[in-house]
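One file, data_35.cif, is given below (mmCIF, C-alpha atoms).
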data_my_file
loop_
_atom_site.label_atom_id
_atom_site.label_comp_id
_atom_site.auth_asym_id
_atom_site.auth_seq_id
_atom_site.Cartn_x
_atom_site.Cartn_y
_atom_site.Cartn_z
CA MET E 98 -15.32 47.35 -30.23
CA SER E 99 -18.14 48.71 -32.43
CA ASP E 100 -17.63 45.86 -34.91
CA CYS E 101 -16.97 43.16 -32.30
CA LYS E 102 -18.66 39.77 -32.28
CA PRO E 103 -21.65 39.89 -29.86
CA THR E 104 -22.02 37.38 -27.01
CA THR E 105 -25.20 36.07 -25.38
CA THR E 106 -24.05 36.48 -21.78
CA PRO E 107 -21.97 39.20 -20.08
CA PHE E 108 -19.88 36.71 -18.12
CA LEU E 109 -18.53 33.34 -19.18
CA SER E 110 -19.76 30.64 -16.82
CA GLY E 111 -16.99 28.85 -14.95
CA ILE E 112 -14.38 31.59 -15.25
CA LYS E 113 -12.67 32.47 -11.96
CA LEU E 114 -11.33 36.03 -12.00
CA GLU E 115 -9.20 35.35 -8.93
CA ASN E 116 -7.00 33.22 -11.19
CA GLY E 117 -6.11 36.30 -13.21
CA LYS E 118 -2.75 36.74 -11.49
CA ASP E 119 -1.41 33.94 -13.68
CA THR E 120 -1.90 36.18 -16.74
CA PRO E 121 0.09 39.32 -17.74
CA LEU E 122 -0.67 42.74 -16.26
CA VAL E 123 -2.55 45.30 -18.38
CA ASP E 124 -2.74 49.10 -18.39
CA CYS E 125 -4.58 49.92 -15.15
CA THR E 126 -5.59 53.40 -16.37
CA LEU E 127 -7.29 52.04 -19.48
CA TYR E 128 -8.91 49.29 -17.42
CA ARG E 129 -10.31 51.77 -14.90
CA GLN E 130 -11.67 53.95 -17.69
CA LEU E 131 -13.46 50.98 -19.24
CA VAL E 132 -14.92 49.65 -15.99
CA GLY E 133 -15.85 53.16 -14.86
CA SER E 134 -17.82 53.67 -18.06
CA LEU E 135 -19.50 50.28 -17.69
CA LEU E 136 -20.67 51.18 -14.18
CA TYR E 137 -22.99 53.80 -15.65
CA LEU E 138 -24.87 51.04 -17.49
CA THR E 139 -25.88 49.36 -14.24
CA HIS E 140 -28.32 52.23 -13.60
CA SER E 141 -30.55 51.06 -16.45
CA ARG E 142 -29.41 47.47 -17.11
CA PRO E 143 -29.77 45.26 -14.02
CA ASP E 144 -28.67 42.21 -16.02
CA LEU E 145 -25.15 43.70 -16.11
CA SER E 146 -24.81 44.31 -12.37
CA TYR E 147 -23.04 41.14 -11.32
CA ALA E 148 -20.58 41.00 -14.21
CA ILE E 149 -19.57 44.65 -13.87
CA GLY E 150 -19.35 44.35 -10.10
CA ALA E 151 -17.03 41.36 -10.48
CA VAL E 152 -14.55 43.08 -12.82
CA SER E 153 -14.60 46.26 -10.72
CA ARG E 154 -12.90 44.37 -7.86
CA TYR E 155 -9.61 44.35 -9.76
CA MET E 156 -9.11 48.07 -10.37
CA GLN E 157 -5.80 48.23 -8.51
CA GLU E 158 -3.95 45.49 -10.36
CA PRO E 159 -5.83 44.29 -13.46
CA HIS E 160 -4.53 41.36 -15.47
CA GLU E 161 -5.28 40.11 -18.96
CA LEU E 162 -8.00 37.77 -17.71
CA HIS E 163 -9.82 40.69 -16.09
CA TRP E 164 -9.38 42.80 -19.22
CA ASN E 165 -10.88 40.07 -21.39
CA ALA E 166 -13.80 39.71 -18.98
CA ALA E 167 -14.49 43.46 -19.19
CA LYS E 168 -14.34 43.33 -23.00
CA ARG E 169 -16.80 40.43 -22.99
CA ILE E 170 -19.29 42.71 -21.23
CA LEU E 171 -18.88 45.17 -24.10
CA ARG E 172 -19.55 42.37 -26.57
CA TYR E 173 -22.73 41.47 -24.67
CA VAL E 174 -23.83 45.12 -24.69
CA GLN E 175 -23.18 45.24 -28.44
CA GLY E 176 -25.55 42.31 -28.94
CA THR E 177 -28.24 43.71 -26.62
CA ILE E 178 -27.87 47.43 -27.32
CA THR E 179 -31.62 47.78 -27.91
CA TYR E 180 -32.52 46.08 -24.63
CA GLY E 181 -34.04 47.87 -21.67
CA ILE E 182 -36.55 47.51 -18.86
CA HIS E 183 -40.12 47.10 -20.05
CA TYR E 184 -42.76 48.82 -17.93
CA ALA E 185 -46.35 47.94 -18.81
CA ALA E 186 -49.12 50.49 -18.47
CA ASN E 187 -52.16 50.15 -16.22
CA CYS E 188 -50.44 47.87 -13.69
CA SER E 189 -51.18 47.90 -9.98
CA LEU E 190 -48.39 49.62 -8.08
CA ASN E 191 -47.38 46.80 -5.77
CA LEU E 192 -43.89 46.91 -4.31
CA ILE E 193 -42.29 43.44 -4.17
CA GLY E 194 -38.73 42.27 -3.76
CA TYR E 195 -36.44 39.30 -4.32
CA THR E 196 -33.23 38.70 -2.40
CA ASP E 197 -30.51 36.07 -2.68
CA SER E 198 -26.91 35.43 -1.61
CA ASP E 199 -24.05 33.30 -2.86
CA TRP E 200 -22.42 32.04 0.34
CA ALA E 201 -18.60 32.30 0.44
CA GLY E 202 -18.53 32.75 -3.32
CA ASP E 203 -15.23 34.65 -3.33
CA ASN E 204 -12.40 32.11 -3.25
CA ILE E 205 -9.90 34.68 -1.95
CA ASP E 206 -11.58 36.15 1.16
CA ARG E 207 -14.60 33.79 1.30
CA LYS E 208 -17.05 36.68 1.54
CA SER E 209 -20.55 36.24 0.16
CA THR E 210 -22.22 38.19 -2.63
CA SER E 211 -25.73 39.48 -2.02
CA GLY E 212 -28.23 40.76 -4.52
CA TYR E 213 -31.74 42.09 -4.46
CA VAL E 214 -34.28 43.63 -6.78
CA LEU E 215 -37.37 45.65 -5.89
CA SER E 216 -40.13 46.02 -8.45
CA LEU E 217 -43.02 48.45 -8.64
CA GLY E 218 -45.82 47.49 -10.99
CA SER E 219 -44.42 45.51 -13.89
CA GLY E 220 -40.71 46.30 -13.71
CA PRO E 221 -37.73 46.75 -11.37
CA ILE E 222 -36.99 50.19 -9.95
CA CYS E 223 -34.12 49.35 -7.61
CA TRP E 224 -31.48 46.61 -7.57
CA SER E 225 -28.08 45.78 -6.12
CA SER E 226 -25.25 43.27 -6.49
CA LYS E 227 -22.59 43.66 -3.81
CA LYS E 228 -20.07 41.63 -1.87
CA GLN E 229 -20.86 41.54 1.83
CA ALA E 230 -18.56 43.44 4.18
CA ALA E 231 -18.22 40.59 6.70
CA ILE E 232 -17.69 36.86 6.36
CA ALA E 233 -20.87 34.85 6.92
CA LEU E 234 -20.50 31.70 8.99
CA SER E 235 -23.34 29.88 7.24
CA SER E 236 -25.49 30.13 4.13
CA ALA E 237 -28.43 31.14 6.33
CA GLU E 238 -26.45 34.05 7.75
CA ALA E 239 -25.42 35.16 4.27
CA GLU E 240 -29.04 35.04 3.13
CA TYR E 241 -30.12 36.89 6.26
CA ARG E 242 -27.72 39.75 5.63
CA GLY E 243 -29.11 39.95 2.10
CA VAL E 244 -32.66 40.13 3.46
CA VAL E 245 -31.66 42.99 5.75
CA ASN E 246 -30.20 44.98 2.84
CA ALA E 247 -33.32 44.45 0.73
CA THR E 248 -35.57 45.36 3.65
CA ILE E 249 -33.76 48.62 4.37
CA GLN E 250 -34.14 49.64 0.73
CA ALA E 251 -37.81 48.59 0.69
CA ILE E 252 -38.57 50.77 3.71
CA TRP E 253 -36.87 53.75 2.06
CA LEU E 254 -38.92 53.20 -1.09
CA GLN E 255 -42.11 53.01 0.95
CA HIS E 256 -41.38 56.44 2.45
CA PHE E 257 -40.40 57.84 -0.94
CA LEU E 258 -43.60 56.57 -2.58
CA SER E 259 -45.60 58.06 0.28
CA GLU E 260 -44.07 61.48 -0.44
CA LEU E 261 -45.19 61.07 -4.05
CA GLY E 262 -48.75 60.39 -2.90
CA ILE E 263 -48.57 56.61 -3.46
CA ASN E 264 -49.55 55.08 -0.16
CA VAL E 265 -48.70 51.43 0.47
CA HIS E 266 -51.49 49.90 2.57
CA HIS E 267 -50.17 46.33 2.66
CA PRO E 268 -46.84 44.72 3.57
CA THR E 269 -44.06 44.67 0.99
CA VAL E 270 -43.50 41.03 0.06
CA ILE E 271 -39.85 39.98 -0.12
CA TRP E 272 -39.16 36.56 -1.62
CA CYS E 273 -36.30 34.45 -0.26
CA ASP E 274 -35.26 30.90 -1.19
CA ASN E 275 -33.66 29.91 2.14
CA GLN E 276 -35.94 28.14 4.60
CA SER E 277 -33.58 28.61 7.56
CA THR E 278 -33.63 32.37 7.06
CA LEU E 279 -37.43 32.39 7.10
CA LYS E 280 -37.43 30.43 10.36
CA PHE E 281 -34.97 32.87 11.95
CA CYS E 282 -37.29 35.74 11.07
CA ARG E 283 -40.40 34.15 12.52
CA ASP E 284 -39.02 32.16 15.47
CA PRO E 285 -38.86 34.31 18.65
CA VAL E 286 -36.45 31.84 20.31
CA GLN E 287 -32.83 33.06 20.24
CA ARG E 288 -30.37 30.23 19.62
CA GLN E 289 -26.67 30.18 20.40
CA ARG E 290 -25.59 29.83 16.77
CA THR E 291 -27.47 32.99 15.75
CA LYS E 292 -26.57 35.32 18.64
CA HIS E 293 -23.98 37.16 16.53
CA ILE E 294 -26.73 38.42 14.19
CA GLU E 295 -29.20 39.20 16.97
CA ILE E 296 -29.64 42.89 16.10
CA HIS E 297 -30.52 42.10 12.49
CA MET E 298 -32.97 39.44 13.64
CA HIS E 299 -34.84 41.81 15.95
CA PHE E 300 -34.92 44.42 13.18
CA ILE E 301 -36.59 42.08 10.69
CA ARG E 302 -38.96 40.50 13.23
CA GLU E 303 -40.27 43.88 14.31
CA LEU E 304 -41.02 44.87 10.72
CA ILE E 305 -42.82 41.56 10.09
CA HIS E 306 -44.81 41.94 13.34
CA ASP E 307 -45.82 45.50 12.41
CA GLY E 308 -47.03 44.41 8.96
CA ILE E 309 -44.43 46.47 7.07
CA ILE E 310 -42.57 43.54 5.52
CA ASP E 311 -43.84 40.07 4.59
CA LEU E 312 -41.03 37.56 4.03
CA GLN E 313 -42.10 34.65 1.84
CA TYR E 314 -40.43 31.55 0.42
CA CYS E 315 -39.85 30.97 -3.27
CA PRO E 316 -38.07 28.05 -4.97
CA SER E 317 -34.49 28.65 -6.08
CA SER E 318 -35.56 28.01 -9.67
CA GLU E 319 -37.79 31.10 -9.48
CA GLN E 320 -35.41 33.34 -7.54
CA THR E 321 -35.04 36.43 -9.74
CA ALA E 322 -32.25 37.89 -7.57
CA ASP E 323 -30.03 34.92 -8.43
CA ILE E 324 -28.81 36.88 -11.46
CA PHE E 325 -27.06 39.33 -9.09
CA THR E 326 -24.97 36.73 -7.23
CA LYS E 327 -23.26 34.37 -9.69
CA THR E 328 -22.73 33.39 -13.32
CA PHE E 329 -25.07 31.14 -15.31
CA THR E 330 -25.35 29.25 -18.54
CA GLU E 331 -26.95 31.07 -21.45
CA GLN E 332 -30.33 29.36 -20.99
CA LYS E 333 -30.57 30.14 -17.26
CA PHE E 334 -29.31 33.68 -17.75
CA ARG E 335 -31.96 34.44 -20.36
CA PHE E 336 -34.66 33.02 -18.09
CA LEU E 337 -33.62 35.28 -15.21
CA ARG E 338 -33.21 38.28 -17.51
CA ASP E 339 -36.78 37.82 -18.74
CA ARG E 340 -38.00 37.71 -15.13
CA LEU E 341 -36.27 41.06 -14.63
CA ARG E 342 -38.33 42.43 -17.54
CA VAL E 343 -35.17 43.33 -19.46
CA LYS E 344 -36.21 42.86 -23.07
CA ASP E 345 -35.67 44.12 -26.59
CA THR E 346 -37.48 47.46 -26.64
CA THR E 347 -37.79 47.42 -30.43
CA ALA E 348 -39.67 44.10 -30.55
#
Encoded form using structure tokens:
Amino acid sequence: MSDCKPTTTPFLSGIKLENGKDTPLVDCTLYRQLVGSLLYLTHSRPDLSYAIGAVSRYMQEPHELHWNAAKRILRYVQGTITYGIHYAANCSLNLIGYTDSDWAGDNIDRKSTSGYVLSLGSGPICWSSKKQAAIALSSAEAEYRGVVNATIQAIWLQHFLSELGINVHHPTVIWCDNQSTLKFCRDPVQRQRTKHIEIHMHFIRELIHDGIIDLQYCPSSEQTADIFTKTFTEQKFRFLRDRLRVKDTTA
């Protein structure tokens, strides 16, 4: 693959990997070796997280469609091999986060995919793209579960920074693009349709009340964490990648 033709995105928009069973089976050992190697890249390349997470769901019985999707990621890496996270000097060390969810995005089990990114200063230091363990009954619930995951990680980072001597004296702002989720967090009235996520709601509300977390709204067009939940066209993908501060380090 060293002389392969580079691509501009790691995942072709519109491709449904769940349709892979209509294509021939491939060597599962070779497939696992490839995907296992790609997983290491997610530690330094957040723009690869969703694509690699998607192909890793088919380790047990990979088909040709899944194999081609994994090779496309290699082609994208070939074209962006000099890319990395850009951290600017002399930036204020403010911890902020973005969280988003793709409700019922998996056509097989209808589970949602959540993603978040937490940035310190000018670049991301922690990110995740993961399918939720339980089925969400609404888009608001899917978003809420994503907010909980991002909040748990933000609290851990606050404690870790404190051990390093970096004290956070203001709430960590987490940006979410779902208005219903924001209302759930701030409205003390418990409604029947949200009783099944009551524990999560009390958890978030207490953190907001104590000034540890500040949940804010951002338009979907500016939601950086969108890149962790679904595929995009080349133009949209590049826009989100730039917001992640993943750039050509030689430029």
* Asked: Skipping near chain neighbours, those fewer than 4 positions away, what residues fall within 6 Å of segment 193-197 of chain E using all atoms listed in the file, listed as a PyMOL selection string?
  -> chain E and resi 211-216+269-273+322-323
Since we have the selection now, will you write its residues out, keeping C-alpha atoms, as an mmCIF file, keeping the file's coordinate frame?
data_model
loop_
_atom_site.group_PDB
_atom_site.id
_atom_site.type_symbol
_atom_site.label_atom_id
_atom_site.label_comp_id
_atom_site.auth_asym_id
_atom_site.auth_seq_id
_atom_site.Cartn_x
_atom_site.Cartn_y
_atom_site.Cartn_z
ATOM 1 C CA SER E 211 -25.730 39.480 -2.020
ATOM 2 C CA GLY E 212 -28.230 40.760 -4.520
ATOM 3 C CA TYR E 213 -31.740 42.090 -4.460
ATOM 4 C CA VAL E 214 -34.280 43.630 -6.780
ATOM 5 C CA LEU E 215 -37.370 45.650 -5.890
ATOM 6 C CA SER E 216 -40.130 46.020 -8.450
ATOM 7 C CA THR E 269 -44.060 44.670 0.990
ATOM 8 C CA VAL E 270 -43.500 41.030 0.060
ATOM 9 C CA ILE E 271 -39.850 39.980 -0.120
ATOM 10 C CA TRP E 272 -39.160 36.560 -1.620
ATOM 11 C CA CYS E 273 -36.300 34.450 -0.260
ATOM 12 C CA ALA E 322 -32.250 37.890 -7.570
ATOM 13 C CA ASP E 323 -30.030 34.920 -8.430
#
Residues picked by the PyMOL selection byres ((chain E and resi 122) around 10) here, as a PDB file with C-alpha atoms, keeping the file's coordinate frame?
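Writing done, so here's selection-v9.pdb:
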ATOM      1  CA  GLY E 117      -6.110  36.300 -13.210  1.00  0.00           C
ATOM      2  CA  LYS E 118      -2.750  36.740 -11.490  1.00  0.00           C
ATOM      3  CA  ASP E 119      -1.410  33.940 -13.680  1.00  0.00           C
ATOM      4  CA  THR E 120      -1.900  36.180 -16.740  1.00  0.00           C
ATOM      5  CA  PRO E 121       0.090  39.320 -17.740  1.00  0.00           C
ATOM      6  CA  VAL E 123      -2.550  45.300 -18.380  1.00  0.00           C
ATOM      7  CA  ASP E 124      -2.740  49.100 -18.390  1.00  0.00           C
ATOM      8  CA  CYS E 125      -4.580  49.920 -15.150  1.00  0.00           C
ATOM      9  CA  GLU E 158      -3.950  45.490 -10.360  1.00  0.00           C
ATOM     10  CA  PRO E 159      -5.830  44.290 -13.460  1.00  0.00           C
ATOM     11  CA  HIS E 160      -4.530  41.360 -15.470  1.00  0.00           C
ATOM     12  CA  GLU E 161      -5.280  40.110 -18.960  1.00  0.00           C
ATOM     13  CA  LEU E 162      -8.000  37.770 -17.710  1.00  0.00           C
ATOM     14  CA  HIS E 163      -9.820  40.690 -16.090  1.00  0.00           C
ATOM     15  CA  TRP E 164      -9.380  42.800 -19.220  1.00  0.00           C
TER      16      TRP E 164
END
Closest atom pairs, segment 271-347 of chain E residues within 9 Å of segment 217-222 of chain E, only C-alpha atoms, as a Markdown table:
| residue | atom | partner | partner_atom | distance |
| --- | --- | --- | --- | --- |
| E:Leu341 | CA | E:Pro221 | CA | 6.7 |
| E:Arg342 | CA | E:Gly220 | CA | 5.9 |
| E:Val343 | CA | E:Gly220 | CA | 8.5 |
Excluding same-chain residues fewer than 4 positions from Thr346 of chain E, what lies within 10 Å of it counting only C-alpha atoms, as an mmCIF file with C-alpha atoms, in the coordinates of the input?
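Below is the file that was written, out-v3.cif:
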data_model
loop_
_atom_site.group_PDB
_atom_site.id
_atom_site.type_symbol
_atom_site.label_atom_id
_atom_site.label_comp_id
_atom_site.auth_asym_id
_atom_site.auth_seq_id
_atom_site.Cartn_x
_atom_site.Cartn_y
_atom_site.Cartn_z
ATOM 1 C CA THR E 177 -28.240 43.710 -26.620
ATOM 2 C CA ILE E 178 -27.870 47.430 -27.320
ATOM 3 C CA THR E 179 -31.620 47.780 -27.910
ATOM 4 C CA TYR E 180 -32.520 46.080 -24.630
ATOM 5 C CA GLY E 181 -34.040 47.870 -21.670
ATOM 6 C CA ILE E 182 -36.550 47.510 -18.860
ATOM 7 C CA HIS E 183 -40.120 47.100 -20.050
#
* To do: May I have the residues within 12 Å of Gln255 of chain E as a PyMOL selection string, using all atoms listed in the file and disregarding those fewer than 2 positions away in the same chain?
  => chain E and resi 190-193+215-217+248-253+257-269+309-310
* Asked: Skipping near chain neighbours, those fewer than 5 positions away, what residues fall within 10 Å of Gln157 of chain E using all atoms listed in the file, listed as a ChimeraX atom specification?
  -> /E:125-126,128-129
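Among E:Gln175, E:Asp307, E:Gln130, E:Gln320, the residue with the shortest atom-to-atom distance to Asn275 of chain E, counting all atoms listed in the file, is E:Gln320.
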* Written as a list in words, what is the full residue list that the PyMOL selection byres ((chain E and resi 133) around 12) yields on the file shown? -> Cys125, Thr126, Leu127, Tyr128, Arg129, Gln130, Leu131, Val132, Ser134, Leu135, Leu136, Tyr137, Leu138, Thr139, Ile149, Gly150, Val152, Ser153, Arg154, Tyr155, Met156 and Ala167 of chain E
* To do: Determine, counting all atoms listed in the file, which protein, DNA and RNA residues have an atom within 7 Å of an atom of segment 328-333 of chain E; residues of the same chain fewer than 4 positions away are not included. Present the result as a list in words.
  => Thr105, Thr106, Phe108, Ser110 and Leu337 of chain E
* Nearest to Val244 of chain E, chosen from E:Trp224, E:Thr210, E:Ser198, E:Ser277, with all atoms listed in the file counted in the distances ->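 Residue with the minimum atom-to-atom distance to Val244 of chain E: E:Ser198.
Picture a line from atom CA of Glu238 of chain E to atom CA of Tyr147 of chain E; it runs 20.6 Å.
Comparing E:Ile324, E:Leu312, E:Ile305, E:Cys101 by their smallest distance to Arg172 of chain E, the closest is E:Cys101 (using only C-alpha atoms).
Atom to atom, atom CA of Phe325 of chain E and atom CA of Ser225 of chain E stand 7.2 Å apart.
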* Take the point (-33.0, 29.8, 7.8) in the file's coordinates, draw a sphere of radius 9 Å around it, and report as an NGL selection string every protein, DNA or RNA residue with an atom inside or on it, counting all atoms listed in the file. => :E and (236-238 or 240-241 or 275-282)
* Suppose you want the space between atom CA of Ile301 of chain E and atom CA of Asp199 of chain E; what is it in Å? -> 20.4 Å
* **E:Arg302, E:Ala201, E:Asp274, E:Leu109 ranked by distance to Thr321 of chain E, top pick (using all atoms listed in the file)** =>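 Answer, going by the shortest atom-to-atom distance: E:Asp274.
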* Selected residue of minimal separation from Pro143 of chain E among E:Cys223, E:Ala185, E:Ile205, E:Leu171, counting all atoms listed in the file -> E:Cys223
* **Option closest in space to Ala151 of chain E, from E:Ile232, E:Arg242, E:Lys327, E:Val174 [counting only C-alpha atoms]** => E:Lys327
Segment 192-202 of chain E dumped to file, all heavy atoms, as a PDB file, in the first residue's frame:
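Heads up, here's the output in decode-v7.pdb:
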ATOM      1  N   LEU E 192     -10.002  24.262  29.553  1.00  0.00           N
ATOM      2  CA  LEU E 192     -10.513  22.943  29.181  1.00  0.00           C
ATOM      3  C   LEU E 192     -11.941  23.096  28.674  1.00  0.00           C
ATOM      4  O   LEU E 192     -12.833  23.532  29.407  1.00  0.00           O
ATOM      5  CB  LEU E 192     -10.484  22.005  30.391  1.00  0.00           C
ATOM      6  CG  LEU E 192     -10.921  20.548  30.146  1.00  0.00           C
ATOM      7  CD1 LEU E 192      -9.970  19.857  29.182  1.00  0.00           C
ATOM      8  CD2 LEU E 192     -10.983  19.789  31.476  1.00  0.00           C
ATOM      9  N   ILE E 193     -12.165  22.758  27.403  1.00  0.00           N
ATOM     10  CA  ILE E 193     -13.499  22.837  26.803  1.00  0.00           C
ATOM     11  C   ILE E 193     -13.797  21.533  26.067  1.00  0.00           C
ATOM     12  O   ILE E 193     -12.872  20.795  25.692  1.00  0.00           O
ATOM     13  CB  ILE E 193     -13.638  24.028  25.833  1.00  0.00           C
ATOM     14  CG1 ILE E 193     -12.673  23.865  24.649  1.00  0.00           C
ATOM     15  CG2 ILE E 193     -13.417  25.342  26.544  1.00  0.00           C
ATOM     16  CD1 ILE E 193     -12.917  24.876  23.539  1.00  0.00           C
ATOM     17  N   GLY E 194     -15.061  21.247  25.879  1.00  0.00           N
ATOM     18  CA  GLY E 194     -15.433  20.003  25.226  1.00  0.00           C
ATOM     19  C   GLY E 194     -16.578  20.165  24.246  1.00  0.00           C
ATOM     20  O   GLY E 194     -17.363  21.119  24.333  1.00  0.00           O
ATOM     21  N   TYR E 195     -16.654  19.245  23.307  1.00  0.00           N
ATOM     22  CA  TYR E 195     -17.764  19.148  22.363  1.00  0.00           C
ATOM     23  C   TYR E 195     -18.275  17.718  22.410  1.00  0.00           C
ATOM     24  O   TYR E 195     -17.486  16.771  22.478  1.00  0.00           O
ATOM     25  CB  TYR E 195     -17.314  19.476  20.941  1.00  0.00           C
ATOM     26  CG  TYR E 195     -16.985  20.927  20.693  1.00  0.00           C
ATOM     27  CD1 TYR E 195     -15.723  21.434  20.972  1.00  0.00           C
ATOM     28  CD2 TYR E 195     -17.952  21.797  20.173  1.00  0.00           C
ATOM     29  CE1 TYR E 195     -15.418  22.774  20.749  1.00  0.00           C
ATOM     30  CE2 TYR E 195     -17.655  23.135  19.936  1.00  0.00           C
ATOM     31  CZ  TYR E 195     -16.392  23.608  20.224  1.00  0.00           C
ATOM     32  OH  TYR E 195     -16.104  24.932  19.999  1.00  0.00           O
ATOM     33  N   THR E 196     -19.581  17.560  22.355  1.00  0.00           N
ATOM     34  CA  THR E 196     -20.165  16.224  22.369  1.00  0.00           C
ATOM     35  C   THR E 196     -21.332  16.151  21.392  1.00  0.00           C
ATOM     36  O   THR E 196     -22.085  17.110  21.229  1.00  0.00           O
ATOM     37  CB  THR E 196     -20.644  15.831  23.779  1.00  0.00           C
ATOM     38  OG1 THR E 196     -21.285  14.549  23.738  1.00  0.00           O
ATOM     39  CG2 THR E 196     -21.629  16.850  24.333  1.00  0.00           C
ATOM     40  N   ASP E 197     -21.456  14.998  20.725  1.00  0.00           N
ATOM     41  CA  ASP E 197     -22.527  14.815  19.751  1.00  0.00           C
ATOM     42  C   ASP E 197     -22.858  13.329  19.649  1.00  0.00           C
ATOM     43  O   ASP E 197     -22.047  12.475  20.026  1.00  0.00           O
ATOM     44  CB  ASP E 197     -22.109  15.354  18.379  1.00  0.00           C
ATOM     45  CG  ASP E 197     -23.273  15.480  17.418  1.00  0.00           C
ATOM     46  OD1 ASP E 197     -24.387  15.759  17.883  1.00  0.00           O
ATOM     47  OD2 ASP E 197     -23.078  15.287  16.203  1.00  0.00           O
ATOM     48  N   SER E 198     -24.057  13.033  19.146  1.00  0.00           N
ATOM     49  CA  SER E 198     -24.494  11.651  18.965  1.00  0.00           C
ATOM     50  C   SER E 198     -25.281  11.517  17.674  1.00  0.00           C
ATOM     51  O   SER E 198     -25.998  12.439  17.280  1.00  0.00           O
ATOM     52  CB  SER E 198     -25.361  11.188  20.151  1.00  0.00           C
ATOM     53  OG  SER E 198     -24.619  11.132  21.343  1.00  0.00           O
ATOM     54  N   ASP E 199     -25.140  10.369  17.043  1.00  0.00           N
ATOM     55  CA  ASP E 199     -25.906  10.041  15.846  1.00  0.00           C
ATOM     56  C   ASP E 199     -26.960   9.029  16.262  1.00  0.00           C
ATOM     57  O   ASP E 199     -26.664   7.848  16.446  1.00  0.00           O
ATOM     58  CB  ASP E 199     -24.982   9.468  14.770  1.00  0.00           C
ATOM     59  CG  ASP E 199     -25.741   9.087  13.512  1.00  0.00           C
ATOM     60  OD1 ASP E 199     -26.753   9.746  13.204  1.00  0.00           O
ATOM     61  OD2 ASP E 199     -25.315   8.133  12.826  1.00  0.00           O
ATOM     62  N   TRP E 200     -28.193   9.491  16.433  1.00  0.00           N
ATOM     63  CA  TRP E 200     -29.252   8.653  16.999  1.00  0.00           C
ATOM     64  C   TRP E 200     -29.617   7.501  16.062  1.00  0.00           C
ATOM     65  O   TRP E 200     -29.896   7.713  14.882  1.00  0.00           O
ATOM     66  CB  TRP E 200     -30.495   9.513  17.270  1.00  0.00           C
ATOM     67  CG  TRP E 200     -31.644   8.737  17.828  1.00  0.00           C
ATOM     68  CD1 TRP E 200     -31.599   7.801  18.819  1.00  0.00           C
ATOM     69  CD2 TRP E 200     -33.011   8.831  17.432  1.00  0.00           C
ATOM     70  NE1 TRP E 200     -32.850   7.307  19.068  1.00  0.00           N
ATOM     71  CE2 TRP E 200     -33.745   7.917  18.230  1.00  0.00           C
ATOM     72  CE3 TRP E 200     -33.697   9.600  16.482  1.00  0.00           C
ATOM     73  CZ2 TRP E 200     -35.119   7.751  18.108  1.00  0.00           C
ATOM     74  CZ3 TRP E 200     -35.062   9.429  16.366  1.00  0.00           C
ATOM     75  CH2 TRP E 200     -35.757   8.523  17.169  1.00  0.00           C
ATOM     76  N   ALA E 201     -29.589   6.280  16.620  1.00  0.00           N
ATOM     77  CA  ALA E 201     -29.991   5.061  15.903  1.00  0.00           C
ATOM     78  C   ALA E 201     -29.273   4.937  14.566  1.00  0.00           C
ATOM     79  O   ALA E 201     -29.858   4.495  13.572  1.00  0.00           O
ATOM     80  CB  ALA E 201     -31.507   5.040  15.702  1.00  0.00           C
ATOM     81  N   GLY E 202     -28.003   5.301  14.540  1.00  0.00           N
ATOM     82  CA  GLY E 202     -27.256   5.294  13.289  1.00  0.00           C
ATOM     83  C   GLY E 202     -26.932   3.912  12.760  1.00  0.00           C
ATOM     84  O   GLY E 202     -26.696   3.744  11.561  1.00  0.00           O
TER      85      GLY E 202
END
